[in-house]
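Student: Contents are compact mmCIF, C-alpha atoms and all ligand atoms; file name input_34.txt:
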```
# COMPACT_ATOMS: atom_id res chain seq x y z
CA MET X 1 11.67 2.46 1.17
CA TYR X 2 10.16 2.47 -2.28
CA VAL X 3 6.76 0.79 -2.61
CA CYS X 4 5.16 0.36 -6.01
CA GLY X 5 2.00 2.42 -6.18
CA PRO X 6 -1.13 2.21 -8.29
CA THR X 7 -1.91 2.65 -11.96
CA VAL X 8 -4.82 5.03 -11.59
CA TYR X 9 -7.63 3.90 -13.89
CA ASP X 10 -10.11 2.35 -11.43
CA VAL X 11 -11.06 2.36 -7.73
CA PRO X 12 -8.66 0.43 -5.46
CA HIS X 13 -9.62 -3.13 -4.48
CA ILE X 14 -9.06 -4.88 -1.16
CA GLY X 15 -5.81 -6.40 -2.46
CA HIS X 16 -4.42 -2.88 -2.83
CA GLY X 17 -5.56 -2.22 0.73
CA ARG X 18 -3.69 -5.28 1.98
CA ALA X 19 -0.48 -4.22 0.19
CA THR X 20 -0.52 -0.63 1.40
CA LEU X 21 -1.47 -1.68 4.93
CA THR X 22 1.49 -4.09 4.99
CA PHE X 23 3.93 -1.28 4.25
CA ASP X 24 2.12 1.17 6.52
CA ILE X 25 2.51 -1.33 9.37
CA LEU X 26 6.19 -1.82 8.54
CA ARG X 27 6.78 1.93 8.37
CA ARG X 28 5.01 2.57 11.68
CA TYR X 29 6.92 -0.20 13.40
CA LEU X 30 10.31 1.01 12.09
CA SER X 31 9.43 4.51 13.18
CA PHE X 32 8.23 3.24 16.59
CA ILE X 33 11.64 1.67 17.28
CA GLY X 34 13.33 4.94 16.41
CA LEU X 35 14.36 4.56 12.77
CA ARG X 36 13.82 7.40 10.35
CA VAL X 37 11.77 6.20 7.44
CA HIS X 38 11.53 7.91 4.08
CA HIS X 39 8.62 6.35 2.21
CA VAL X 40 8.21 6.82 -1.55
CA ALA X 41 5.30 5.40 -3.58
CA ASN X 42 4.75 6.19 -7.25
CA ILE X 43 1.63 6.98 -9.20
CA THR X 44 1.52 5.51 -12.71
CA ASP X 45 -0.48 8.12 -14.58
CA VAL X 46 0.22 6.99 -18.15
CA ASP X 47 -0.30 3.39 -19.27
CA ASP X 48 -2.35 1.19 -21.63
CA ASN X 49 -5.16 0.74 -19.09
CA ILE X 50 -5.54 4.49 -18.56
CA ILE X 51 -5.55 5.10 -22.31
CA LYS X 52 -8.22 2.41 -22.77
CA ARG X 53 -10.35 3.73 -19.91
CA ALA X 54 -10.15 7.31 -21.17
CA ALA X 55 -11.25 6.17 -24.64
CA GLU X 56 -14.20 4.24 -23.17
CA LEU X 57 -15.30 7.24 -21.13
CA GLY X 58 -14.63 9.79 -23.87
CA ARG X 59 -12.36 11.75 -21.52
CA THR X 60 -8.68 12.70 -21.49
CA GLU X 61 -6.05 10.49 -19.83
CA PRO X 62 -4.96 13.16 -17.29
CA ASP X 63 -8.60 13.67 -16.30
CA VAL X 64 -9.16 9.94 -15.70
CA ALA X 65 -5.86 9.59 -13.84
CA ALA X 66 -6.63 12.56 -11.57
CA GLU X 67 -10.05 11.19 -10.67
CA PHE X 68 -8.81 7.74 -9.72
CA GLU X 69 -5.75 9.05 -7.92
CA ALA X 70 -8.08 11.13 -5.69
CA LYS X 71 -10.16 7.99 -5.04
CA TRP X 72 -7.00 6.08 -4.16
CA TRP X 73 -5.86 8.55 -1.48
CA GLU X 74 -9.36 8.82 -0.09
CA ALA X 75 -9.47 5.04 0.44
CA MET X 76 -5.96 4.93 1.94
CA GLU X 77 -6.85 7.70 4.35
CA ALA X 78 -9.99 5.82 5.34
CA LEU X 79 -7.72 2.84 6.12
CA GLY X 80 -5.79 5.02 8.55
CA GLU X 81 -2.57 4.90 6.52
CA LEU X 82 0.23 7.45 6.71
CA ARG X 83 0.77 9.15 3.34
CA PRO X 84 4.05 8.31 1.64
CA HIS X 85 6.49 11.21 2.03
CA GLU X 86 6.80 11.44 -1.74
CA THR X 87 4.43 10.32 -4.48
CA PRO X 88 6.23 10.85 -7.81
CA HIS X 89 4.16 10.73 -10.99
CA ALA X 90 5.42 8.93 -14.08
CA THR X 91 4.57 11.83 -16.39
CA ALA X 92 6.86 14.13 -14.38
CA TYR X 93 9.81 11.79 -14.99
CA ILE X 94 9.76 11.37 -18.78
CA GLU X 95 13.06 13.22 -19.31
CA HIS X 96 14.83 11.07 -16.70
CA MET X 97 13.48 7.96 -18.39
CA VAL X 98 14.59 9.09 -21.84
CA ALA X 99 18.06 9.64 -20.34
CA LEU X 100 18.13 6.09 -18.93
CA VAL X 101 17.01 4.54 -22.23
CA THR X 102 19.71 6.54 -24.04
CA GLU X 103 22.27 5.21 -21.56
CA LEU X 104 21.09 1.59 -21.97
CA LEU X 105 21.42 1.88 -25.75
CA ALA X 106 24.89 3.42 -25.42
CA LYS X 107 25.94 0.50 -23.19
CA ASP X 108 24.59 -1.89 -25.86
CA VAL X 109 22.20 -3.68 -23.48
CA ALA X 110 19.13 -2.33 -25.27
CA TYR X 111 18.08 -2.28 -28.94
CA GLU X 112 15.57 -0.44 -31.06
CA THR X 113 12.78 -2.17 -33.04
CA PRO X 114 9.98 -0.75 -35.21
CA ASP X 115 7.68 -0.44 -32.16
CA GLY X 116 10.03 0.53 -29.35
CA VAL X 117 13.28 0.07 -27.47
CA TYR X 118 13.86 -3.21 -25.61
CA LEU X 119 16.23 -4.29 -22.88
CA GLU X 120 18.11 -7.48 -23.79
CA VAL X 121 17.79 -9.51 -20.60
CA GLY X 122 20.40 -12.06 -21.70
CA LYS X 123 23.03 -9.34 -21.20
CA VAL X 124 22.10 -8.71 -17.57
CA ASP X 125 23.99 -10.48 -14.79
CA GLY X 126 21.79 -12.49 -12.48
CA TYR X 127 18.57 -12.04 -14.43
CA GLY X 128 16.03 -14.29 -12.65
CA LEU X 129 17.15 -13.41 -9.12
CA LEU X 130 13.70 -12.30 -8.03
CA ALA X 131 11.89 -14.98 -9.99
CA HIS X 132 14.18 -17.50 -8.22
CA GLN X 133 14.82 -19.11 -11.58
CA PRO X 134 17.78 -19.00 -13.97
CA LEU X 135 17.39 -17.25 -17.32
CA GLU X 136 17.27 -20.57 -19.23
CA SER X 137 14.24 -21.91 -17.38
CA LEU X 138 12.49 -18.54 -17.56
CA GLN X 139 13.07 -18.57 -21.31
CA ALA X 140 11.75 -22.12 -21.64
CA GLY X 141 8.56 -21.10 -19.82
CA ALA X 142 8.04 -17.80 -21.62
CA ARG X 143 5.02 -17.47 -23.82
CA VAL X 144 5.74 -17.30 -27.55
CA GLU X 145 5.42 -13.71 -28.69
CA ALA X 146 3.87 -12.32 -31.81
CA ASN X 147 6.53 -9.59 -31.74
CA GLU X 148 9.26 -11.13 -33.91
CA ALA X 149 11.49 -8.08 -33.68
CA LYS X 150 12.35 -9.01 -30.09
CA ARG X 151 15.53 -11.02 -29.63
CA SER X 152 14.07 -12.98 -26.69
CA PRO X 153 10.47 -13.27 -25.45
CA LEU X 154 11.71 -12.04 -22.04
CA ASP X 155 13.13 -8.78 -23.44
CA PHE X 156 10.90 -5.92 -22.32
CA ALA X 157 10.01 -2.47 -23.61
CA VAL X 158 11.82 0.44 -21.97
CA TRP X 159 10.30 2.79 -24.57
CA LYS X 160 7.07 2.28 -26.52
CA LYS X 161 6.60 4.12 -29.78
CA ALA X 162 3.22 5.86 -29.93
CA LYS X 163 0.34 4.52 -31.96
CA GLU X 164 -2.12 6.93 -33.56
CA GLY X 165 -3.99 9.01 -31.00
CA GLU X 166 -1.99 7.87 -27.94
CA PRO X 167 -0.45 10.35 -25.50
CA SER X 168 3.24 10.72 -26.33
CA TRP X 169 6.45 12.57 -25.61
CA ASP X 170 9.36 13.33 -27.95
CA SER X 171 12.46 11.17 -27.83
CA PRO X 172 15.44 10.26 -30.02
CA TRP X 173 13.34 7.23 -31.15
CA GLY X 174 10.31 9.29 -32.13
CA ALA X 175 7.16 10.07 -30.19
CA GLY X 176 6.25 7.56 -27.51
CA ARG X 177 6.15 6.81 -23.81
CA PRO X 178 8.33 4.93 -21.35
CA GLY X 179 7.70 1.33 -20.33
CA TRP X 180 6.26 0.77 -16.84
CA HIS X 181 9.35 -1.01 -15.49
CA THR X 182 11.46 2.01 -16.43
CA GLU X 183 9.34 4.34 -14.34
CA CYS X 184 10.04 2.70 -10.96
CA VAL X 185 13.78 2.19 -11.42
CA VAL X 186 14.26 5.83 -12.40
CA MET X 187 12.11 7.32 -9.64
CA SER X 188 13.42 5.11 -6.83
CA LEU X 189 17.06 5.85 -7.68
CA ASP X 190 16.37 9.55 -8.13
CA LEU X 191 14.53 10.00 -4.83
CA LEU X 192 16.31 7.48 -2.60
CA GLY X 193 19.73 7.17 -4.19
CA GLU X 194 21.81 4.15 -5.09
CA GLY X 195 21.75 1.17 -2.75
CA PHE X 196 18.56 2.26 -0.97
CA ASP X 197 17.30 -0.01 1.79
CA LEU X 198 14.02 -1.55 0.77
CA HIS X 199 11.88 -2.07 -2.30
CA GLY X 200 8.40 -3.46 -1.80
CA GLY X 201 5.16 -4.37 -3.43
CA GLY X 202 2.70 -7.22 -3.93
CA ARG X 203 3.99 -10.71 -4.64
CA ASP X 204 2.74 -10.52 -8.22
CA LEU X 205 5.18 -7.64 -8.83
CA ALA X 206 8.31 -9.67 -8.01
CA PHE X 207 8.41 -11.01 -11.56
CA PRO X 208 8.56 -9.52 -14.08
CA HIS X 209 8.15 -5.94 -12.75
CA HIS X 210 10.79 -5.87 -10.03
CA GLU X 211 13.07 -8.25 -11.90
CA ASN X 212 12.99 -5.82 -14.83
CA GLU X 213 13.54 -2.77 -12.66
CA ARG X 214 16.58 -4.45 -11.17
CA ALA X 215 17.79 -5.54 -14.64
CA GLN X 216 17.88 -1.92 -15.81
CA ALA X 217 19.78 -0.77 -12.72
CA VAL X 218 22.32 -3.58 -13.14
CA ALA X 219 22.64 -2.85 -16.87
CA ASP X 220 23.27 0.81 -16.01
CA HIS X 221 25.90 -0.18 -13.38
CA LYS X 222 23.88 1.19 -10.46
CA ALA X 223 23.51 -0.36 -7.01
CA PHE X 224 19.81 -1.01 -6.55
CA ALA X 225 17.56 -2.04 -3.62
CA ARG X 226 19.38 -3.91 -0.83
CA HIS X 227 16.25 -5.73 0.35
CA TRP X 228 13.04 -6.81 -1.33
CA MET X 229 9.74 -7.37 0.42
CA HIS X 230 6.63 -8.81 -1.24
CA ASN X 231 3.26 -9.24 0.41
CA GLY X 232 0.90 -12.15 -0.27
CA TRP X 233 -2.40 -11.61 -1.96
CA VAL X 234 -6.01 -11.62 -0.93
CA GLU X 235 -8.06 -14.74 -1.52
CA VAL X 236 -11.77 -14.95 -1.90
CA GLU X 237 -12.98 -18.51 -1.23
CA GLY X 238 -9.59 -20.04 -1.88
CA THR X 239 -8.85 -18.21 -5.16
CA LYS X 240 -6.66 -15.18 -5.73
CA MET X 241 -8.82 -12.10 -6.03
CA SER X 242 -8.42 -10.26 -9.31
CA LYS X 243 -10.45 -8.17 -11.66
CA SER X 244 -10.08 -10.64 -14.50
CA LEU X 245 -11.53 -13.45 -12.36
CA GLY X 246 -14.55 -11.30 -11.52
CA ASN X 247 -14.22 -11.87 -7.76
CA PHE X 248 -13.09 -8.31 -7.23
CA THR X 249 -14.14 -6.33 -4.16
CA SER X 250 -13.59 -2.62 -4.21
CA LEU X 251 -11.98 -1.09 -1.15
CA PRO X 252 -14.48 1.79 -0.85
CA ASP X 253 -17.34 -0.77 -0.94
CA MET X 254 -15.74 -2.78 1.82
CA LEU X 255 -15.06 0.28 3.96
CA GLU X 256 -18.73 1.20 3.70
CA ARG X 257 -19.52 -2.10 5.35
CA CYS X 258 -16.86 -2.58 8.00
CA ASP X 259 -14.67 -0.66 10.43
CA ALA X 260 -11.39 0.11 8.65
CA ARG X 261 -9.54 -0.95 11.80
CA ALA X 262 -11.04 -4.43 11.45
CA TYR X 263 -9.43 -4.79 8.02
CA ARG X 264 -6.07 -3.73 9.45
CA LEU X 265 -6.52 -6.29 12.19
CA LEU X 266 -7.34 -8.95 9.61
CA VAL X 267 -4.15 -8.07 7.73
CA LEU X 268 -2.09 -8.16 10.96
CA ARG X 269 -3.43 -11.64 11.76
CA ALA X 270 -1.63 -13.17 8.79
CA HIS X 271 2.07 -13.11 8.07
CA TYR X 272 2.70 -10.58 5.32
CA ARG X 273 3.92 -13.26 2.90
CA SER X 274 0.86 -15.49 3.41
CA PRO X 275 -2.41 -15.07 1.58
CA ILE X 276 -5.35 -13.71 3.56
CA GLU X 277 -8.90 -14.83 3.13
CA VAL X 278 -11.47 -12.04 3.15
CA THR X 279 -14.99 -13.34 3.65
CA PRO X 280 -17.94 -12.03 5.70
CA ASP X 281 -16.88 -14.52 8.41
CA THR X 282 -13.23 -13.49 8.64
CA VAL X 283 -14.24 -9.81 8.66
CA ALA X 284 -16.86 -10.41 11.39
CA ASP X 285 -14.27 -12.29 13.40
CA ALA X 286 -11.82 -9.39 13.10
CA GLU X 287 -14.55 -6.98 14.22
CA LYS X 288 -15.13 -9.11 17.32
CA ALA X 289 -11.43 -9.01 18.16
CA LEU X 290 -11.44 -5.25 17.62
CA ALA X 291 -14.37 -4.93 20.02
CA ARG X 292 -12.24 -6.63 22.70
CA LEU X 293 -9.56 -3.97 22.22
CA ASP X 294 -12.09 -1.15 22.38
CA ALA X 295 -13.59 -2.67 25.54
CA LEU X 296 -10.13 -2.52 27.08
CA ALA X 297 -9.85 1.14 26.10
CA ARG X 298 -13.19 1.86 27.78
CA ARG X 299 -12.41 0.04 31.00
CA PHE X 300 -8.92 1.49 31.46
CA GLY X 301 -9.12 4.75 29.51
CA VAL X 302 -6.26 3.83 27.16
CA GLY X 303 -7.57 4.91 23.75
CA ASP X 304 -5.46 7.09 21.39
CA LEU X 305 -2.20 6.73 23.29
CA LEU X 306 0.29 6.95 20.49
CA GLU X 307 0.03 9.68 17.93
CA GLN X 308 2.46 9.46 15.04
CA THR X 309 3.20 12.74 13.38
CA ASP X 310 4.98 13.63 10.22
CA GLU X 311 7.58 16.35 10.25
CA GLY X 312 8.81 17.02 6.77
CA PHE X 313 9.97 13.69 5.42
CA VAL X 314 10.84 12.19 8.78
CA VAL X 315 8.45 10.29 10.97
CA GLU X 316 9.71 10.87 14.47
CA GLY X 317 10.07 7.61 16.34
CA THR X 318 8.27 7.58 19.63
CA ALA X 319 8.99 4.74 22.02
CA PRO X 320 6.91 5.63 25.06
CA ALA X 321 8.54 3.15 27.41
CA ASP X 322 7.16 5.04 30.40
CA GLY X 323 4.47 3.11 32.16
CA ILE X 324 4.60 0.11 29.88
CA ASP X 325 5.78 -3.38 30.67
CA PRO X 326 9.44 -3.75 29.56
CA GLY X 327 9.20 -7.52 29.13
CA ALA X 328 6.20 -7.18 26.84
CA LEU X 329 7.93 -4.46 24.84
CA ALA X 330 11.01 -6.67 24.37
CA ALA X 331 8.85 -9.61 23.31
CA PHE X 332 6.97 -7.39 20.84
CA ARG X 333 10.22 -6.24 19.27
CA ALA X 334 11.56 -9.79 19.09
CA ARG X 335 8.44 -10.88 17.22
CA LEU X 336 8.50 -8.06 14.69
CA ASP X 337 12.25 -8.07 14.18
CA ASP X 338 11.80 -11.68 13.05
CA ASP X 339 10.54 -10.97 9.52
CA LEU X 340 7.65 -8.85 10.77
CA ASP X 341 5.78 -11.56 12.68
CA THR X 342 2.57 -9.60 13.16
CA PRO X 343 0.38 -12.65 13.97
CA GLY X 344 2.68 -13.45 16.90
CA ALA X 345 2.79 -9.83 18.08
CA LEU X 346 -0.99 -9.54 17.87
CA ALA X 347 -1.51 -12.78 19.82
CA ASP X 348 0.77 -11.35 22.54
CA ILE X 349 -1.28 -8.13 22.63
CA PHE X 350 -4.47 -10.14 23.17
CA GLU X 351 -2.78 -12.02 26.01
CA LEU X 352 -2.01 -8.68 27.61
CA VAL X 353 -5.67 -7.72 27.26
CA THR X 354 -6.77 -10.90 29.04
CA ALA X 355 -4.13 -10.42 31.73
CA ALA X 356 -5.16 -6.78 32.31
CA HIS X 357 -8.80 -7.76 32.92
CA SER X 358 -7.79 -10.66 35.20
CA ALA X 359 -5.49 -8.43 37.21
CA ALA X 360 -8.18 -5.76 37.59
CA ASP X 361 -10.78 -8.38 38.58
CA ALA X 362 -8.38 -9.61 41.28
CA GLY X 363 -7.90 -6.07 42.60
CA GLY X 364 -4.40 -5.48 41.22
CA HIS X 365 -5.17 -2.12 39.73
CA GLU X 366 -1.67 -0.85 39.18
CA THR X 367 -0.60 -4.03 37.37
CA ALA X 368 -3.82 -3.99 35.37
CA GLU X 369 -3.29 -0.44 34.23
CA THR X 370 0.28 -1.11 33.14
CA LEU X 371 -0.81 -4.15 31.15
CA ALA X 372 -3.70 -2.26 29.53
CA ARG X 373 -1.50 0.66 28.63
CA THR X 374 1.12 -1.69 27.18
CA ALA X 375 -1.47 -3.44 25.01
CA ALA X 376 -2.78 -0.10 23.74
CA VAL X 377 0.66 1.34 22.95
CA LEU X 378 1.82 -1.79 21.13
CA ALA X 379 -1.41 -1.98 19.11
CA ALA X 380 -1.02 1.70 18.20
CA ALA X 381 2.57 1.03 17.07
CA LEU X 382 1.01 -1.17 14.36
CA GLY X 383 -1.48 1.53 13.47
CA LEU X 384 -4.35 -0.03 15.42
CA THR X 385 -5.86 2.71 17.53
CA LEU X 386 -8.08 1.66 20.41
CA ARG X 387 -11.23 3.66 20.84
CA ALA X 388 -12.85 4.26 24.18
CA ASP X 389 -15.96 5.24 22.24
CA ALA X 390 -17.35 8.65 21.67
CA ALA X 391 -18.99 9.12 25.06
CA ASP X 392 -18.20 12.85 25.08
CA ILE X 393 -20.48 13.67 22.14
CA ASP X 394 -22.65 16.70 22.80
CA GLU X 395 -26.34 16.77 21.92
CA ALA X 396 -26.00 18.90 18.77
CA THR X 397 -23.37 16.48 17.39
CA ALA X 398 -25.49 13.47 18.27
CA ALA X 399 -28.37 15.04 16.33
CA LEU X 400 -26.17 15.50 13.24
CA VAL X 401 -25.04 11.87 13.52
CA THR X 402 -28.65 10.68 13.65
CA GLN X 403 -29.61 12.85 10.67
CA ARG X 404 -26.67 11.46 8.71
CA ASP X 405 -27.67 7.86 9.45
CA GLU X 406 -31.21 8.66 8.32
CA ALA X 407 -29.94 10.25 5.10
CA ARG X 408 -27.77 7.20 4.40
CA ALA X 409 -30.66 4.83 5.10
CA ALA X 410 -32.72 6.83 2.59
CA LYS X 411 -29.78 6.68 0.11
CA ASP X 412 -29.62 10.48 0.09
CA PHE X 413 -25.85 10.52 -0.26
CA ALA X 414 -25.61 14.20 -1.14
CA ARG X 415 -27.23 15.06 2.20
CA ALA X 416 -25.10 12.47 4.02
CA ASP X 417 -21.96 14.04 2.52
CA ALA X 418 -23.11 17.53 3.51
CA LEU X 419 -23.66 16.33 7.09
CA ARG X 420 -20.26 14.66 7.09
CA ALA X 421 -18.73 18.00 6.01
CA GLU X 422 -20.59 19.76 8.79
CA LEU X 423 -19.29 17.31 11.40
CA THR X 424 -15.76 17.57 10.00
CA ALA X 425 -15.95 21.36 10.20
CA LEU X 426 -16.85 20.98 13.87
CA GLY X 427 -13.61 19.06 14.42
CA TRP X 428 -14.91 15.47 14.32
CA THR X 429 -13.41 12.57 12.43
CA VAL X 430 -16.32 10.79 10.80
CA GLU X 431 -16.38 7.08 10.02
CA ASP X 432 -18.90 4.64 8.65
CA THR X 433 -19.28 1.50 10.76
CA PRO X 434 -21.71 -1.43 10.56
CA SER X 435 -23.76 0.24 13.31
CA GLY X 436 -23.83 3.61 11.53
CA THR X 437 -21.90 6.87 11.71
CA ALA X 438 -19.16 6.99 14.34
CA VAL X 439 -17.43 10.23 15.32
CA ARG X 440 -14.39 10.99 17.42
CA ARG X 441 -12.21 13.99 18.10
ZN ZN V 1 6.89 -0.32 -9.63
```
In structure tokens, what does this structure look like?
Tutor:
Amino acid sequence: MYVCGPTVYDVPHIGHGRATLTFDILRRYLSFIGLRVHHVANITDVDDNIIKRAAELGRTEPDVAAEFEAKWWEAMEALGELRPHETPHATAYIEHMVALVTELLAKDVAYETPDGVYLEVGKVDGYGLLAHQPLESLQAGARVEANEAKRSPLDFAVWKKAKEGEPSWDSPWGAGRPGWHTECVVMSLDLLGEGFDLHGGGRDLAFPHHENERAQAVADHKAFARHWMHNGWVEVEGTKMSKSLGNFTSLPDMLERCDARAYRLLVLRAHYRSPIEVTPDTVADAEKALARLDALARRFGVGDLLEQTDEGFVVEGTAPADGIDPGALAAFRARLDDDLDTPGALADIFELVTAAHSAADAGGHETAETLARTAAVLAAALGLTLRADAADIDEATAALVTQRDEARAAKDFARADALRAELTALGWTVEDTPSGTAVRR
């Protein structure tokens, strides 16, 4: 699967977290049922926003891109996501993109103007497939463009000629850089091959980004993605969250305030195509639900049951059917095989939790343990690890944890970071939770 990655010019926001969690959950589930998943996500490291940001900061574009890419992976790791197997960078694919633009011109589906090379969408079969609208109605709704050299307002740049001072690469059309839509079509086909299984991203990418990727593949006579998957966005008080609306919440800020697992749980509670509402109330509610899972782990000792490992580019599927309830496993699969019904699967997991406690209270220990183990394994298959708490912390570690909480309370972040490094060196995974530093092996 190819999932559109970030343009690295700012810290990720919670909408990015929702999108990447959606595909992390999908990947884990596919791998859990025994499929081999090869996950590619790109990094856009040259673009107008990066150029603008670098100019504002008085720094170079590669410097800005490297900083925000590091921040991106740090946040995704904090969310407990598996890294994509490959993370191609746009700037490493310029030659491939020049080759595609050359090909599109040779096939007479693209044309050159004073400021770039454009794809003529009217020459592409089925343009509008992802927008779910025919070309005519898209054209009627398109905003009138100042760029009169374009044959249609929907035509898009596959190559942008460089303006003074912009980063650029040589091409047959002079110095410039590729258009964003060209990046993803070239990298996905190169790394996954023609007719690859799944292309994903946020709902806002369906049109025009994915439509335009597909248009270039079709124009170049290549079989493109066989399935498309788009996740819904994040709403803050009923409105789509976005930077331009000013209701933007950064992911690192949010992860300072809540358990990363609670955000995953919040994402799992909604169908991937539906919007999710992130408010202090919905987050607190997810934390309460998470506490129920952790309480199960404590009572039955079923934390950390399913460890997913990466071997080269293959995630080995593990379906630990031993000791888990076969009916519950079948029901779980039926839910998720139906367009990834995570709310249904999660509701079933919570029913197992209730049933495990009831069975144990009634003295049916064997049944209770099977149910608890089943709930823990199925939650872990969605990336939700239950934690039986860090009861095995030795005194020296506990002292470091206390010192770190004190440093954070005093806003001495340098000291807090040094203490985190010390704990990490001792083999602990360190996390920030609402009740302070939490560590586990
Ligand atoms: Zn893309």
Student: Can you pull out every residue with an atom within 8 Å of ligand ZN 1 (chain V)? Use all atoms listed in the file and format it as a list in words.
Tutor: Val3, Cys4, Gly5, Asn42, Trp180, His181, Glu183, Cys184, Val185, Gly201, Leu205, His209, His210 and Glu213 of chain X
Student: Can I get the selected residues back with C-alpha atoms, as a PDB file, keeping the file's coordinate frame?
Tutor:
```
ATOM      1  CA  VAL X   3       6.760   0.790  -2.610  1.00  0.00           C
ATOM      2  CA  CYS X   4       5.160   0.360  -6.010  1.00  0.00           C
ATOM      3  CA  GLY X   5       2.000   2.420  -6.180  1.00  0.00           C
ATOM      4  CA  ASN X  42       4.750   6.190  -7.250  1.00  0.00           C
ATOM      5  CA  TRP X 180       6.260   0.770 -16.840  1.00  0.00           C
ATOM      6  CA  HIS X 181       9.350  -1.010 -15.490  1.00  0.00           C
ATOM      7  CA  GLU X 183       9.340   4.340 -14.340  1.00  0.00           C
ATOM      8  CA  CYS X 184      10.040   2.700 -10.960  1.00  0.00           C
ATOM      9  CA  VAL X 185      13.780   2.190 -11.420  1.00  0.00           C
ATOM     10  CA  GLY X 201       5.160  -4.370  -3.430  1.00  0.00           C
ATOM     11  CA  LEU X 205       5.180  -7.640  -8.830  1.00  0.00           C
ATOM     12  CA  HIS X 209       8.150  -5.940 -12.750  1.00  0.00           C
ATOM     13  CA  HIS X 210      10.790  -5.870 -10.030  1.00  0.00           C
ATOM     14  CA  GLU X 213      13.540  -2.770 -12.660  1.00  0.00           C
TER      15      GLU X 213
END
```
Student: Which one is closest to X:Pro280: X:Tyr263, X:Ala416, X:Pro6, X:Asp337? Count only C-alpha atoms.
Tutor: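 Among the listed residues, the smallest separation from X:Pro280 belongs to X:Tyr263.
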Student: Expressed in Å to a single decimal, how great is the separation between atom CA of X:Gly344 and atom CA of X:Ile276?
Tutor: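 Atom CA of X:Ile276 lies 15.6 Å from atom CA of X:Gly344.
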Student: Report, in Å to a single decimal, how far apart atom CA of X:Arg373 and atom CA of X:Arg261 are.
Tutor: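 If I compute the distance from atom CA of X:Arg261 to atom CA of X:Arg373, I get 18.7 Å.
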Student: Pick out the residues sitting within 12 Å of X:Val158, and hand them over as a PyMOL selection string; count all atoms listed in the file, and ignore anything fewer than 3 positions along from it in its own chain.
Tutor: chain X and resi 94+97-105+109-113+115-121+155+161+173+176-186+209+212-213+215-216
Student: What's the 9 Å shell around X:Leu21, counting all atoms listed in the file, without same-chain residues fewer than 6 positions away, as a list in words?
Tutor: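 Counting all atoms listed in the file, the residues come to Met76, Leu79, Gly80, Glu81, Arg264, Val267 and Leu268 of chain X.
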Student: Export C-alpha atoms of the chosen residues as a tab-separated table (two decimals), keeping the file's coordinate frame?
Tutor:
```tsv
chain	number	residue	atom	x	y	z
X	76	MET	CA	-5.96	4.93	1.94
X	79	LEU	CA	-7.72	2.84	6.12
X	80	GLY	CA	-5.79	5.02	8.55
X	81	GLU	CA	-2.57	4.90	6.52
X	264	ARG	CA	-6.07	-3.73	9.45
X	267	VAL	CA	-4.15	-8.07	7.73
X	268	LEU	CA	-2.09	-8.16	10.96
```
Student: Using all atoms listed in the file, can you tell me which of X:Thr437, X:Gln133, X:Thr249, X:Ser171 comes closest to X:Arg404?
Tutor: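 Residue with the minimum atom-to-atom distance to X:Arg404: X:Thr437.
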Student: Distance cut-off 10 Å, centre (-9.9, 4.3, -20.7) in file coordinates, counting all atoms listed in the file: which residues qualify? Return them as a PyMOL selection string.
Tutor: chain X and resi 9-10+47-61+64-65
Student: Keeping C-alpha atoms for every residue in the selection just given, could you write it to a file as a JSON list (two decimals), in the frame of the given file?
Tutor:
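Output below, filename out-v9.json:
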```json
[["chain", "number", "residue", "atom", "x", "y", "z"],
["X", 9, "TYR", "CA", -7.63, 3.90, -13.89],
["X", 10, "ASP", "CA", -10.11, 2.35, -11.43],
["X", 47, "ASP", "CA", -0.30, 3.39, -19.27],
["X", 48, "ASP", "CA", -2.35, 1.19, -21.63],
["X", 49, "ASN", "CA", -5.16, 0.74, -19.09],
["X", 50, "ILE", "CA", -5.54, 4.49, -18.56],
["X", 51, "ILE", "CA", -5.55, 5.10, -22.31],
["X", 52, "LYS", "CA", -8.22, 2.41, -22.77],
["X", 53, "ARG", "CA", -10.35, 3.73, -19.91],
["X", 54, "ALA", "CA", -10.15, 7.31, -21.17],
["X", 55, "ALA", "CA", -11.25, 6.17, -24.64],
["X", 56, "GLU", "CA", -14.20, 4.24, -23.17],
["X", 57, "LEU", "CA", -15.30, 7.24, -21.13],
["X", 58, "GLY", "CA", -14.63, 9.79, -23.87],
["X", 59, "ARG", "CA", -12.36, 11.75, -21.52],
["X", 60, "THR", "CA", -8.68, 12.70, -21.49],
["X", 61, "GLU", "CA", -6.05, 10.49, -19.83],
["X", 64, "VAL", "CA", -9.16, 9.94, -15.70],
["X", 65, "ALA", "CA", -5.86, 9.59, -13.84]]
```
Student: Using all atoms listed in the file, which of the listed residues (X:Leu266, X:Ile33, X:Ala409, X:Ala297) sits closest to X:His357?
Tutor: X:Ala297
Student: Counting only C-alpha atoms, which residue out of X:Pro12, X:Tyr93, X:Tyr29, X:Arg299 sits closest to X:Asp45?
Tutor: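 Closest residue, counting only C-alpha atoms: X:Tyr93.
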Student: Closest to X:Phe23 among X:Leu130, X:Met254, X:Val40, X:Ala157, using all atoms listed in the file?
Tutor: X:Val40
Student: When you draw a straight line from atom CA of X:Ala206 to atom CA of X:Gly128, how long is it in Å?
Tutor: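 Those two atoms sit 10.1 Å apart.
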Student: Pick out the residues sitting within 8 Å of X:Leu371, and hand them over as a PyMOL selection string; count only C-alpha atoms, and ignore anything fewer than 3 positions along from it in its own chain.
Tutor: chain X and resi 324-325+352-353+355-356+367-368+374-375
Student: With only C-alpha atoms as the atoms that count, which of X:Met229, X:Val377, X:Ala418, X:Leu82 lies nearest to X:Gln403?
Tutor: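 Using only C-alpha atoms, the shortest distance to X:Gln403 belongs to X:Ala418.
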